[in-house]
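Here's structure-v7.cif, which has mmCIF, C-alpha atoms:
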```
data_my_file
#
loop_
_atom_site.group_PDB
_atom_site.id
_atom_site.type_symbol
_atom_site.label_atom_id
_atom_site.label_comp_id
_atom_site.auth_asym_id
_atom_site.auth_seq_id
_atom_site.Cartn_x
_atom_site.Cartn_y
_atom_site.Cartn_z
ATOM 1 C CA MET Z 1 7.116 -15.614 9.036
ATOM 2 C CA ILE Z 2 7.933 -12.933 6.479
ATOM 3 C CA GLN Z 3 6.603 -13.182 2.946
ATOM 4 C CA PHE Z 4 7.588 -10.921 0.078
ATOM 5 C CA GLY Z 5 5.059 -9.588 -2.381
ATOM 6 C CA THR Z 6 4.465 -7.020 -5.043
ATOM 7 C CA ASN Z 7 1.629 -5.010 -6.526
ATOM 8 C CA PRO Z 8 0.664 -5.107 -10.223
ATOM 9 C CA ILE Z 9 0.591 -1.303 -10.214
ATOM 10 C CA ALA Z 10 4.253 -1.447 -11.294
ATOM 11 C CA TRP Z 11 3.135 -3.033 -14.572
ATOM 12 C CA ALA Z 12 -0.420 -1.737 -15.043
ATOM 13 C CA ASN Z 13 -1.459 1.344 -13.080
ATOM 14 C CA ASP Z 14 -4.904 1.400 -11.491
ATOM 15 C CA ASP Z 15 -5.323 5.185 -11.264
ATOM 16 C CA ASP Z 16 -3.976 5.980 -14.745
ATOM 17 C CA GLN Z 17 -4.756 2.894 -16.773
ATOM 18 C CA SER Z 18 -2.924 4.261 -19.799
ATOM 19 C CA LEU Z 19 0.270 3.338 -17.927
ATOM 20 C CA GLY Z 20 1.025 -0.244 -18.873
ATOM 21 C CA VAL Z 21 -2.058 -0.659 -21.038
ATOM 22 C CA ASP Z 22 -0.054 -2.634 -23.623
ATOM 23 C CA ILE Z 23 1.447 -5.075 -21.105
ATOM 24 C CA PRO Z 24 -0.415 -8.417 -21.233
ATOM 25 C CA THR Z 25 -1.792 -9.734 -17.955
ATOM 26 C CA GLU Z 26 0.023 -13.020 -18.548
ATOM 27 C CA ARG Z 27 3.335 -11.163 -18.655
ATOM 28 C CA ILE Z 28 2.634 -9.477 -15.305
ATOM 29 C CA LEU Z 29 1.920 -12.772 -13.598
ATOM 30 C CA ASP Z 30 4.787 -14.655 -15.244
ATOM 31 C CA GLU Z 31 7.314 -11.995 -14.307
ATOM 32 C CA ALA Z 32 6.051 -11.574 -10.744
ATOM 33 C CA GLY Z 33 5.865 -15.312 -10.077
ATOM 34 C CA ARG Z 34 8.205 -17.431 -12.191
ATOM 35 C CA LEU Z 35 10.863 -14.914 -13.199
ATOM 36 C CA ILE Z 36 11.216 -12.753 -10.088
ATOM 37 C CA GLY Z 37 9.966 -15.150 -7.440
ATOM 38 C CA PHE Z 38 7.534 -13.153 -5.310
ATOM 39 C CA ASP Z 39 5.420 -15.128 -2.848
ATOM 40 C CA GLY Z 40 2.276 -13.162 -3.585
ATOM 41 C CA ILE Z 41 0.703 -10.162 -5.235
ATOM 42 C CA GLU Z 42 -1.876 -7.558 -4.254
ATOM 43 C CA ASN Z 43 -5.047 -6.660 -6.106
ATOM 44 C CA GLY Z 44 -5.158 -4.877 -9.427
ATOM 45 C CA HIS Z 45 -7.782 -4.015 -12.017
ATOM 46 C CA ARG Z 46 -6.602 -6.837 -14.295
ATOM 47 C CA TRP Z 47 -7.603 -9.588 -11.831
ATOM 48 C CA PRO Z 48 -11.118 -11.080 -11.516
ATOM 49 C CA GLN Z 49 -12.950 -8.745 -9.161
ATOM 50 C CA ASP Z 50 -16.217 -10.548 -8.432
ATOM 51 C CA ASP Z 51 -15.184 -14.209 -8.455
ATOM 52 C CA PRO Z 52 -12.891 -15.046 -5.501
ATOM 53 C CA GLU Z 53 -12.269 -18.584 -6.690
ATOM 54 C CA ALA Z 54 -11.303 -17.468 -10.203
ATOM 55 C CA LEU Z 55 -8.886 -15.004 -8.620
ATOM 56 C CA LYS Z 56 -7.395 -17.712 -6.435
ATOM 57 C CA GLN Z 57 -6.921 -20.105 -9.350
ATOM 58 C CA LEU Z 58 -5.444 -17.458 -11.653
ATOM 59 C CA LEU Z 59 -2.762 -16.430 -9.185
ATOM 60 C CA ALA Z 60 -2.050 -19.990 -8.040
ATOM 61 C CA SER Z 61 -1.385 -21.007 -11.641
ATOM 62 C CA HIS Z 62 1.614 -18.669 -11.467
ATOM 63 C CA GLY Z 63 2.743 -19.712 -7.996
ATOM 64 C CA LEU Z 64 1.363 -16.578 -6.333
ATOM 65 C CA LYS Z 65 -0.842 -15.994 -3.294
ATOM 66 C CA PHE Z 66 -3.396 -13.215 -3.128
ATOM 67 C CA ILE Z 67 -2.049 -10.844 -0.455
ATOM 68 C CA SER Z 68 -4.903 -8.361 -0.098
ATOM 69 C CA GLY Z 69 -6.435 -5.434 -1.911
ATOM 70 C CA TRP Z 70 -7.329 -1.793 -1.501
ATOM 71 C CA HIS Z 71 -10.821 -0.835 -0.358
ATOM 72 C CA SER Z 72 -11.889 2.811 -0.523
ATOM 73 C CA LEU Z 73 -13.634 4.003 2.613
ATOM 74 C CA ASN Z 74 -16.187 6.807 2.396
ATOM 75 C CA LEU Z 75 -16.887 7.295 6.081
ATOM 76 C CA LEU Z 76 -16.840 11.090 5.816
ATOM 77 C CA ALA Z 77 -19.785 10.883 3.420
ATOM 78 C CA HIS Z 78 -21.646 7.693 4.400
ATOM 79 C CA SER Z 79 -22.841 6.027 7.581
ATOM 80 C CA VAL Z 80 -20.911 3.283 9.323
ATOM 81 C CA GLU Z 81 -23.685 0.807 8.500
ATOM 82 C CA ASP Z 82 -23.524 1.743 4.809
ATOM 83 C CA GLU Z 83 -19.763 1.224 4.885
ATOM 84 C CA LYS Z 84 -20.126 -2.171 6.535
ATOM 85 C CA ARG Z 85 -22.372 -3.262 3.698
ATOM 86 C CA ALA Z 86 -19.972 -1.825 1.138
ATOM 87 C CA ILE Z 87 -16.911 -3.603 2.514
ATOM 88 C CA GLN Z 88 -18.511 -7.028 3.026
ATOM 89 C CA PRO Z 89 -18.029 -8.374 -0.536
ATOM 90 C CA HIS Z 90 -14.372 -7.368 -0.333
ATOM 91 C CA LEU Z 91 -13.995 -9.173 2.988
ATOM 92 C CA ASP Z 92 -15.616 -12.261 1.498
ATOM 93 C CA LYS Z 93 -13.033 -12.246 -1.311
ATOM 94 C CA LEU Z 94 -10.182 -11.838 1.171
ATOM 95 C CA LYS Z 95 -11.429 -14.659 3.391
ATOM 96 C CA HIS Z 96 -11.854 -17.007 0.439
ATOM 97 C CA ASN Z 97 -8.237 -16.374 -0.514
ATOM 98 C CA GLY Z 98 -6.822 -16.788 2.981
ATOM 99 C CA CYS Z 99 -5.876 -13.130 3.382
ATOM 100 C CA LYS Z 100 -5.102 -11.748 6.837
ATOM 101 C CA VAL Z 101 -5.410 -7.998 6.229
ATOM 102 C CA CYS Z 102 -7.792 -5.590 4.513
ATOM 103 C CA ILE Z 103 -6.168 -2.419 3.140
ATOM 104 C CA VAL Z 104 -8.344 0.675 3.492
ATOM 105 C CA CYS Z 105 -8.046 4.417 2.984
ATOM 106 C CA GLU Z 106 -10.593 7.228 3.224
ATOM 107 C CA THR Z 107 -11.187 8.549 -0.298
ATOM 108 C CA SER Z 108 -14.477 10.464 -0.091
ATOM 109 C CA ASN Z 109 -12.678 13.816 -0.349
ATOM 110 C CA SER Z 110 -9.231 12.732 -1.527
ATOM 111 C CA VAL Z 111 -7.331 14.519 -4.290
ATOM 112 C CA GLN Z 112 -5.015 11.584 -4.998
ATOM 113 C CA GLY Z 113 -6.667 10.767 -8.325
ATOM 114 C CA LEU Z 114 -7.556 14.324 -9.323
ATOM 115 C CA ALA Z 115 -5.689 16.841 -11.455
ATOM 116 C CA LYS Z 116 -5.206 19.074 -8.412
ATOM 117 C CA PRO Z 117 -2.065 20.077 -6.520
ATOM 118 C CA LEU Z 118 -1.295 17.880 -3.545
ATOM 119 C CA SER Z 119 -1.291 21.067 -1.488
ATOM 120 C CA THR Z 120 -5.097 21.194 -1.850
ATOM 121 C CA ARG Z 121 -5.588 17.869 -0.057
ATOM 122 C CA PRO Z 122 -8.253 17.736 2.681
ATOM 123 C CA THR Z 123 -7.430 17.935 6.382
ATOM 124 C CA LEU Z 124 -9.314 17.205 9.576
ATOM 125 C CA ALA Z 125 -9.276 19.324 12.710
ATOM 126 C CA ALA Z 126 -8.797 17.564 16.044
ATOM 127 C CA GLU Z 127 -12.501 16.966 16.670
ATOM 128 C CA GLY Z 128 -13.050 15.824 13.095
ATOM 129 C CA MET Z 129 -10.212 13.316 13.376
ATOM 130 C CA LYS Z 130 -11.660 12.014 16.641
ATOM 131 C CA VAL Z 131 -15.058 11.375 15.067
ATOM 132 C CA PHE Z 132 -13.479 9.866 11.964
ATOM 133 C CA GLY Z 133 -11.256 7.614 14.048
ATOM 134 C CA GLU Z 134 -14.212 6.309 16.033
ATOM 135 C CA LYS Z 135 -15.970 5.370 12.789
ATOM 136 C CA VAL Z 136 -12.894 3.629 11.396
ATOM 137 C CA GLU Z 137 -12.602 1.668 14.635
ATOM 138 C CA GLU Z 138 -16.163 0.403 14.186
ATOM 139 C CA ILE Z 139 -15.306 -0.834 10.695
ATOM 140 C CA ALA Z 140 -12.054 -2.329 11.989
ATOM 141 C CA GLN Z 141 -13.909 -4.289 14.669
ATOM 142 C CA PHE Z 142 -16.383 -5.456 12.016
ATOM 143 C CA CYS Z 143 -13.410 -6.813 10.034
ATOM 144 C CA ALA Z 144 -11.732 -8.296 13.108
ATOM 145 C CA ASP Z 145 -14.893 -10.199 13.994
ATOM 146 C CA GLN Z 146 -14.439 -11.980 10.645
ATOM 147 C CA GLY Z 147 -10.770 -12.763 11.225
ATOM 148 C CA ILE Z 148 -9.336 -9.925 9.141
ATOM 149 C CA ASP Z 149 -7.154 -7.055 10.388
ATOM 150 C CA LEU Z 150 -8.092 -3.664 8.954
ATOM 151 C CA VAL Z 151 -4.826 -1.935 8.028
ATOM 152 C CA TYR Z 152 -5.158 1.768 7.331
ATOM 153 C CA HIS Z 153 -3.030 3.117 4.461
ATOM 154 C CA HIS Z 154 -1.770 6.660 5.130
ATOM 155 C CA HIS Z 155 -1.630 8.151 1.645
ATOM 156 C CA MET Z 156 -0.696 11.322 -0.202
ATOM 157 C CA GLY Z 157 -3.678 13.522 -1.015
ATOM 158 C CA THR Z 158 -5.870 12.221 1.812
ATOM 159 C CA VAL Z 159 -6.873 13.179 5.346
ATOM 160 C CA VAL Z 160 -4.164 10.913 6.787
ATOM 161 C CA GLN Z 161 -1.023 11.984 4.966
ATOM 162 C CA SER Z 162 1.589 13.572 7.258
ATOM 163 C CA SER Z 163 3.323 12.032 10.260
ATOM 164 C CA GLU Z 164 1.214 14.345 12.428
ATOM 165 C CA ASP Z 165 -1.918 12.982 10.735
ATOM 166 C CA ILE Z 166 -0.764 9.417 11.394
ATOM 167 C CA ASP Z 167 -0.157 10.205 15.072
ATOM 168 C CA ALA Z 168 -3.584 11.844 15.445
ATOM 169 C CA PHE Z 169 -5.325 9.035 13.574
ATOM 170 C CA MET Z 170 -3.717 6.285 15.626
ATOM 171 C CA GLN Z 171 -4.660 8.126 18.806
ATOM 172 C CA ALA Z 172 -8.248 8.553 17.566
ATOM 173 C CA THR Z 173 -8.676 4.864 16.752
ATOM 174 C CA GLY Z 174 -8.701 1.861 19.045
ATOM 175 C CA PRO Z 175 -6.919 -1.486 19.183
ATOM 176 C CA ALA Z 176 -8.833 -3.057 16.291
ATOM 177 C CA THR Z 177 -7.446 -0.514 13.824
ATOM 178 C CA LYS Z 178 -4.010 -1.479 12.552
ATOM 179 C CA LEU Z 179 -1.577 0.456 10.369
ATOM 180 C CA LEU Z 180 -0.240 -0.185 6.909
ATOM 181 C CA PHE Z 181 3.122 1.553 7.074
ATOM 182 C CA ASP Z 182 4.227 2.864 3.690
ATOM 183 C CA ALA Z 183 7.834 4.098 3.702
ATOM 184 C CA GLY Z 184 7.402 6.039 0.482
ATOM 185 C CA HIS Z 185 4.233 7.888 1.406
ATOM 186 C CA CYS Z 186 5.717 8.713 4.805
ATOM 187 C CA TYR Z 187 8.853 10.190 3.231
ATOM 188 C CA PHE Z 188 6.940 11.953 0.431
ATOM 189 C CA ALA Z 189 4.788 13.677 3.067
ATOM 190 C CA GLY Z 190 7.874 15.038 4.834
ATOM 191 C CA GLY Z 191 8.036 12.478 7.620
ATOM 192 C CA GLU Z 192 10.999 10.529 8.909
ATOM 193 C CA PRO Z 193 10.136 6.881 8.172
ATOM 194 C CA VAL Z 194 12.315 5.398 10.933
ATOM 195 C CA THR Z 195 10.775 7.647 13.587
ATOM 196 C CA VAL Z 196 7.190 7.081 12.453
ATOM 197 C CA LEU Z 197 7.573 3.314 12.121
ATOM 198 C CA ALA Z 198 9.227 3.016 15.528
ATOM 199 C CA ARG Z 199 6.450 5.054 17.142
ATOM 200 C CA HIS Z 200 3.646 2.871 15.778
ATOM 201 C CA ILE Z 201 5.323 -0.511 15.267
ATOM 202 C CA ASP Z 202 3.085 -2.247 17.822
ATOM 203 C CA ARG Z 203 0.076 -1.689 15.525
ATOM 204 C CA VAL Z 204 1.757 -2.213 12.152
ATOM 205 C CA ARG Z 205 0.347 -5.269 10.360
ATOM 206 C CA HIS Z 206 1.352 -4.549 6.743
ATOM 207 C CA PHE Z 207 4.418 -2.952 5.175
ATOM 208 C CA HIS Z 208 4.766 -1.264 1.782
ATOM 209 C CA ALA Z 209 8.382 -0.950 0.654
ATOM 210 C CA LYS Z 210 8.105 2.099 -1.574
ATOM 211 C CA ASN Z 211 11.090 4.337 -2.321
ATOM 212 C CA VAL Z 212 11.112 8.021 -3.354
ATOM 213 C CA ARG Z 213 13.175 10.055 -5.804
ATOM 214 C CA ASP Z 214 13.836 13.268 -3.910
ATOM 215 C CA ASP Z 215 14.346 15.427 -6.992
ATOM 216 C CA VAL Z 216 10.918 14.499 -8.338
ATOM 217 C CA ARG Z 217 9.313 15.005 -4.937
ATOM 218 C CA SER Z 218 10.793 18.513 -4.863
ATOM 219 C CA ARG Z 219 9.334 19.201 -8.302
ATOM 220 C CA VAL Z 220 5.888 18.055 -7.190
ATOM 221 C CA GLU Z 221 6.011 20.403 -4.220
ATOM 222 C CA GLY Z 222 7.687 23.320 -6.011
ATOM 223 C CA GLU Z 223 5.525 23.241 -9.133
ATOM 224 C CA GLY Z 224 2.231 22.436 -7.424
ATOM 225 C CA LEU Z 225 1.792 19.123 -9.240
ATOM 226 C CA SER Z 226 -0.853 16.501 -8.586
ATOM 227 C CA PHE Z 227 -0.179 13.102 -7.077
ATOM 228 C CA MET Z 228 -0.526 11.378 -10.449
ATOM 229 C CA ASP Z 229 1.728 14.002 -12.078
ATOM 230 C CA GLY Z 230 4.331 12.884 -9.576
ATOM 231 C CA VAL Z 231 3.766 9.212 -10.325
ATOM 232 C CA ARG Z 232 4.074 9.779 -14.070
ATOM 233 C CA ALA Z 233 7.246 11.787 -13.489
ATOM 234 C CA GLY Z 234 8.771 8.912 -11.504
ATOM 235 C CA VAL Z 235 8.507 10.063 -7.896
ATOM 236 C CA PHE Z 236 8.350 6.453 -6.692
ATOM 237 C CA THR Z 237 10.840 3.640 -7.156
ATOM 238 C CA VAL Z 238 11.927 0.394 -5.513
ATOM 239 C CA PRO Z 239 14.278 -0.425 -2.626
ATOM 240 C CA GLY Z 240 17.861 -0.601 -3.849
ATOM 241 C CA ASP Z 241 17.490 2.075 -6.522
ATOM 242 C CA GLN Z 242 20.395 4.493 -6.057
ATOM 243 C CA GLU Z 243 18.067 7.344 -7.032
ATOM 244 C CA GLY Z 244 15.859 6.564 -4.038
ATOM 245 C CA ALA Z 245 16.145 8.465 -0.755
ATOM 246 C CA VAL Z 246 14.696 5.905 1.686
ATOM 247 C CA ASP Z 247 17.088 3.684 3.651
ATOM 248 C CA PHE Z 248 15.329 0.375 4.237
ATOM 249 C CA SER Z 249 17.937 -1.191 6.539
ATOM 250 C CA PRO Z 250 16.827 0.576 9.752
ATOM 251 C CA LEU Z 251 13.176 0.022 8.836
ATOM 252 C CA LEU Z 252 13.561 -3.747 8.458
ATOM 253 C CA LYS Z 253 15.662 -3.776 11.631
ATOM 254 C CA ILE Z 254 12.704 -2.282 13.511
ATOM 255 C CA LEU Z 255 10.435 -4.959 12.035
ATOM 256 C CA ALA Z 256 12.895 -7.680 13.074
ATOM 257 C CA ASP Z 257 13.372 -6.332 16.592
ATOM 258 C CA HIS Z 258 9.608 -6.267 17.184
ATOM 259 C CA GLY Z 259 8.881 -9.709 15.740
ATOM 260 C CA TYR Z 260 6.932 -8.480 12.729
ATOM 261 C CA GLU Z 261 5.207 -11.283 10.858
ATOM 262 C CA GLY Z 262 3.406 -10.777 7.595
ATOM 263 C CA TRP Z 263 3.936 -9.298 4.169
ATOM 264 C CA ILE Z 264 6.553 -6.893 2.891
ATOM 265 C CA VAL Z 265 5.187 -5.602 -0.389
ATOM 266 C CA ILE Z 266 6.957 -3.613 -3.098
ATOM 267 C CA GLU Z 267 4.214 -1.212 -4.146
ATOM 268 C CA ALA Z 268 6.225 1.148 -6.322
ATOM 269 C CA GLU Z 269 4.299 2.524 -9.259
ATOM 270 C CA GLN Z 270 6.306 3.902 -12.173
ATOM 271 C CA ASP Z 271 5.755 4.349 -15.891
ATOM 272 C CA PRO Z 272 6.628 0.856 -17.170
ATOM 273 C CA ASP Z 273 7.647 2.287 -20.550
ATOM 274 C CA ALA Z 274 10.309 4.376 -18.825
ATOM 275 C CA ARG Z 275 11.382 1.887 -16.154
ATOM 276 C CA ASN Z 276 11.133 -1.814 -16.887
ATOM 277 C CA PRO Z 277 9.097 -3.528 -14.136
ATOM 278 C CA LEU Z 278 10.988 -6.816 -14.430
ATOM 279 C CA LEU Z 279 14.320 -5.126 -13.795
ATOM 280 C CA TYR Z 280 13.137 -2.785 -11.049
ATOM 281 C CA GLN Z 281 11.043 -5.346 -9.181
ATOM 282 C CA THR Z 282 13.921 -7.837 -9.315
ATOM 283 C CA LEU Z 283 16.242 -5.203 -7.854
ATOM 284 C CA GLY Z 284 13.723 -4.402 -5.144
ATOM 285 C CA LEU Z 285 13.169 -7.998 -4.075
ATOM 286 C CA HIS Z 286 16.877 -8.868 -4.029
ATOM 287 C CA THR Z 287 17.569 -5.747 -1.954
ATOM 288 C CA LEU Z 288 14.873 -6.523 0.604
ATOM 289 C CA LYS Z 289 15.937 -10.157 0.948
ATOM 290 C CA ARG Z 290 19.536 -9.116 1.504
ATOM 291 C CA ILE Z 291 18.564 -6.590 4.170
ATOM 292 C CA ALA Z 292 16.242 -9.127 5.798
ATOM 293 C CA ARG Z 293 19.141 -11.553 6.129
ATOM 294 C CA GLU Z 294 21.392 -8.854 7.566
ATOM 295 C CA THR Z 295 18.819 -7.699 10.121
ATOM 296 C CA GLY Z 296 17.581 -11.143 11.160
ATOM 297 C CA LEU Z 297 14.101 -10.609 9.720
ATOM 298 C CA ASN Z 298 12.754 -13.991 8.737
#
```
With the file now loaded, output its structure as structure tokens.
Amino acid sequence: MIQFGTNPIAWANDDDQSLGVDIPTERILDEAGRLIGFDGIENGHRWPQDDPEALKQLLASHGLKFISGWHSLNLLAHSVEDEKRAIQPHLDKLKHNGCKVCIVCETSNSVQGLAKPLSTRPTLAAEGMKVFGEKVEEIAQFCADQGIDLVYHHHMGTVVQSSEDIDAFMQATGPATKLLFDAGHCYFAGGEPVTVLARHIDRVRHFHAKNVRDDVRSRVEGEGLSFMDGVRAGVFTVPGDQEGAVDFSPLLKILADHGYEGWIVIEAEQDPDARNPLLYQTLGLHTLKRIARETGLN
């Protein structure tokens, strides 16, 4: 069964908390749940972080499920055993809330939150990716043993960014490691979303429906901007936005044809002062539901 969700980053940004700072938490939840009608929402800095039951009750009071949340891996700097200890409280929160996936990304040397050009992002040579992949697989099995799928988020500014990185990473990991496919990050990195999704669909367990404004992406590349410069400039948007370059119809068709079950999440961060989250998230959800009907994704 498909469920549709969102991420509070559209209202209140986690990486630049000045974006949306004046938007009350109650407004975020009311718009996401009652007004727009999402089934669930991912983690954000406004939610209770250390009390899984308080988190569950807060979201449920607005008709929302807790989908999952980001966990920063630091496997390039720490041992696997250290990382197991670090991720356990997050897994406990996910299990308490009935979550099925744990979203992770290696951030020990990432430039995604730094005032540095995306072109300076770290890379791994073949042997380095192999070693990294083996470590991620150990963490993934640790999660799987507790009933949670680790879904790796390929992300701008990190060691798994390009379609070539995704291919190498998936080859370097084993069956316990699943993929969070993000259409926007794939396109932003120069990949062809349909090709990449089709190649790895058998291991995709989570889907982020993020769109990209091509003119802003070109500015980021041409002017040597940082990832957050791009976000503030509006590089990301929702499905259905005519300014967006990603076609979601063939992507959802791939999901339908391969029996995908799980969440489709609109994680499309923009400056809420420039682009009203209620309007954009409503557009995104209506677009995805229409395409889901047309492609037989249910």
List the residues matched by the PyMOL selection byres ((chain Z and resi 253) around 12) in the displayed structure as a compact mmCIF listing (two decimals) with C-alpha atoms, keeping the file's coordinate frame, ordered by chain and then by residue number.
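Here's the written file out.txt:
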```txt
# COMPACT_ATOMS: atom_id res chain seq x y z
CA VAL Z 194 12.32 5.40 10.93
CA LEU Z 197 7.57 3.31 12.12
CA ALA Z 198 9.23 3.02 15.53
CA ILE Z 201 5.32 -0.51 15.27
CA ASP Z 247 17.09 3.68 3.65
CA PHE Z 248 15.33 0.38 4.24
CA SER Z 249 17.94 -1.19 6.54
CA PRO Z 250 16.83 0.58 9.75
CA LEU Z 251 13.18 0.02 8.84
CA LEU Z 252 13.56 -3.75 8.46
CA ILE Z 254 12.70 -2.28 13.51
CA LEU Z 255 10.44 -4.96 12.04
CA ALA Z 256 12.90 -7.68 13.07
CA ASP Z 257 13.37 -6.33 16.59
CA HIS Z 258 9.61 -6.27 17.18
CA GLY Z 259 8.88 -9.71 15.74
CA TYR Z 260 6.93 -8.48 12.73
CA LEU Z 288 14.87 -6.52 0.60
CA ILE Z 291 18.56 -6.59 4.17
CA ALA Z 292 16.24 -9.13 5.80
CA ARG Z 293 19.14 -11.55 6.13
CA GLU Z 294 21.39 -8.85 7.57
CA THR Z 295 18.82 -7.70 10.12
CA GLY Z 296 17.58 -11.14 11.16
CA LEU Z 297 14.10 -10.61 9.72
CA ASN Z 298 12.75 -13.99 8.74
```
How close does each residue of stretch 141-206 of chain Z get to stretch 103-122 of chain Z, giving the shortest atom pair and distance in Å to one decimal for every residue with an atom at most 10 Å away, counting only C-alpha atoms, sorted by chain and residue number, as a Markdown table?
```
| residue | atom | partner | partner_atom | distance |
| --- | --- | --- | --- | --- |
| Z:Asp149 | CA | Z:Ile103 | CA | 8.7 |
| Z:Leu150 | CA | Z:Ile103 | CA | 6.2 |
| Z:Val151 | CA | Z:Ile103 | CA | 5.1 |
| Z:Tyr152 | CA | Z:Val104 | CA | 5.1 |
| Z:His153 | CA | Z:Cys105 | CA | 5.4 |
| Z:His154 | CA | Z:Cys105 | CA | 7.0 |
| Z:His155 | CA | Z:Cys105 | CA | 7.5 |
| Z:Met156 | CA | Z:Gln112 | CA | 6.5 |
| Z:Gly157 | CA | Z:Gln112 | CA | 4.6 |
| Z:Thr158 | CA | Z:Ser110 | CA | 4.8 |
| Z:Val159 | CA | Z:Pro122 | CA | 5.5 |
| Z:Val160 | CA | Z:Glu106 | CA | 8.2 |
| Z:Gln161 | CA | Z:Arg121 | CA | 9.0 |
| Z:Lys178 | CA | Z:Ile103 | CA | 9.7 |
| Z:Leu179 | CA | Z:Ile103 | CA | 9.0 |
| Z:Leu180 | CA | Z:Ile103 | CA | 7.4 |
| Z:Ala189 | CA | Z:Leu118 | CA | 9.9 |
| Z:His206 | CA | Z:Ile103 | CA | 8.6 |
```
* Picked residues, the PyMOL selection byres ((chain Z and resi 141) around 12), as an MDAnalysis selection string -> chainID Z and resid 80 84 102 134:140 142:151 173:178
Keeping only C-alpha atoms, write the selected residues to a file as a CSV table (one decimal), in the coordinates of the input.
```csv
chain,number,residue,atom,x,y,z
Z,80,VAL,CA,-20.9,3.3,9.3
Z,84,LYS,CA,-20.1,-2.2,6.5
Z,102,CYS,CA,-7.8,-5.6,4.5
Z,134,GLU,CA,-14.2,6.3,16.0
Z,135,LYS,CA,-16.0,5.4,12.8
Z,136,VAL,CA,-12.9,3.6,11.4
Z,137,GLU,CA,-12.6,1.7,14.6
Z,138,GLU,CA,-16.2,0.4,14.2
Z,139,ILE,CA,-15.3,-0.8,10.7
Z,140,ALA,CA,-12.1,-2.3,12.0
Z,142,PHE,CA,-16.4,-5.5,12.0
Z,143,CYS,CA,-13.4,-6.8,10.0
Z,144,ALA,CA,-11.7,-8.3,13.1
Z,145,ASP,CA,-14.9,-10.2,14.0
Z,146,GLN,CA,-14.4,-12.0,10.6
Z,147,GLY,CA,-10.8,-12.8,11.2
Z,148,ILE,CA,-9.3,-9.9,9.1
Z,149,ASP,CA,-7.2,-7.1,10.4
Z,150,LEU,CA,-8.1,-3.7,9.0
Z,151,VAL,CA,-4.8,-1.9,8.0
Z,173,THR,CA,-8.7,4.9,16.8
Z,174,GLY,CA,-8.7,1.9,19.0
Z,175,PRO,CA,-6.9,-1.5,19.2
Z,176,ALA,CA,-8.8,-3.1,16.3
Z,177,THR,CA,-7.4,-0.5,13.8
Z,178,LYS,CA,-4.0,-1.5,12.6
```
* To do: Please provide the set of residues having any atom within 12 Å of Z:Ala126, restricted to only C-alpha atoms, with same-chain residues fewer than 6 positions apart removed, written as a list in words.
  => Phe132, Gly133, Val159, Glu164, Asp165, Asp167, Ala168, Phe169, Gln171 and Ala172 of chain Z
Residues of the last selection are to be written out with C-alpha atoms, as a PDB file, keeping the file's coordinate frame.
```pdb
ATOM      1  CA  PHE Z 132     -13.479   9.866  11.964  1.00  0.00           C
ATOM      2  CA  GLY Z 133     -11.256   7.614  14.048  1.00  0.00           C
ATOM      3  CA  VAL Z 159      -6.873  13.179   5.346  1.00  0.00           C
ATOM      4  CA  GLU Z 164       1.214  14.345  12.428  1.00  0.00           C
ATOM      5  CA  ASP Z 165      -1.918  12.982  10.735  1.00  0.00           C
ATOM      6  CA  ASP Z 167      -0.157  10.205  15.072  1.00  0.00           C
ATOM      7  CA  ALA Z 168      -3.584  11.844  15.445  1.00  0.00           C
ATOM      8  CA  PHE Z 169      -5.325   9.035  13.574  1.00  0.00           C
ATOM      9  CA  GLN Z 171      -4.660   8.126  18.806  1.00  0.00           C
ATOM     10  CA  ALA Z 172      -8.248   8.553  17.566  1.00  0.00           C
TER      11      ALA Z 172
END
```
* To do: Could you jot down the atom CA of Z:Ser218 to atom CA of Z:Ala12 separation for me, Å, one decimal place?
  => 25.3 Å
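Nearest residue to Z:Val212 among Z:Gly244, Z:Gly33, Z:Pro193, Z:Gly234 is Z:Gly244, counting only C-alpha atoms.
Going from atom CA of Z:Asp214 to atom CA of Z:Gly284 covers 17.7 Å.
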* To do: Would you work out the distance separating atom CA of Z:Arg203 from atom CA of Z:Asp82, expressed in Å to one decimal?
  => 26.1 Å
* To do: Would you kindly return, as a PyMOL selection string, each protein, DNA or RNA residue with an atom no farther than 10 Å from any atom of stretch 265-267 of chain Z, considering only C-alpha atoms and excluding same-chain residues fewer than 4 positions away?
  => chain Z and resi 3-10+38-42+67+182+184+206-211+236-239+281+284-285+288
* Carefully work through the PyMOL selection byres ((chain Z and resi 86-93) around 9) for this structure and note down the residues it includes, as a list in words. => Gln49, Asp50, Asp51, Pro52, Glu53, Leu55, Gly69, His71, Ser72, Leu73, Glu81, Asp82, Glu83, Lys84, Arg85, Leu94, Lys95, His96, Asn97, Gly98, Cys99, Cys102, Ile139, Cys143, Gln146 and Ile148 of chain Z
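Near Z:Ala274, within 12 Å and counting all atoms listed in the file, sit Z:Ala10, Z:Trp11, Z:Leu19, Z:Gly20, Z:Val231, Z:Arg232, Z:Ala233, Z:Gly234, Z:Thr237, Z:Tyr280, not including residues fewer than 6 positions from it in the same chain.
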* To do: Determine the nearest neighbour of Z:Gly262 from the options Z:Trp47, Z:Phe188, Z:Asp16, Z:Val204, counting only C-alpha atoms.
  => Z:Val204
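For the set Z:Asn13, Z:Ser18, Z:Ser61, Z:Asn74, the residue with the smallest atom-to-atom gap to Z:Ala268 is Z:Asn13, counting all atoms listed in the file.
Each of Z:His185, Z:Val235, Z:Leu75, Z:Phe66 was checked against Z:Val220 using all atoms listed in the file; the smallest atom-to-atom distance is that of Z:Val235.
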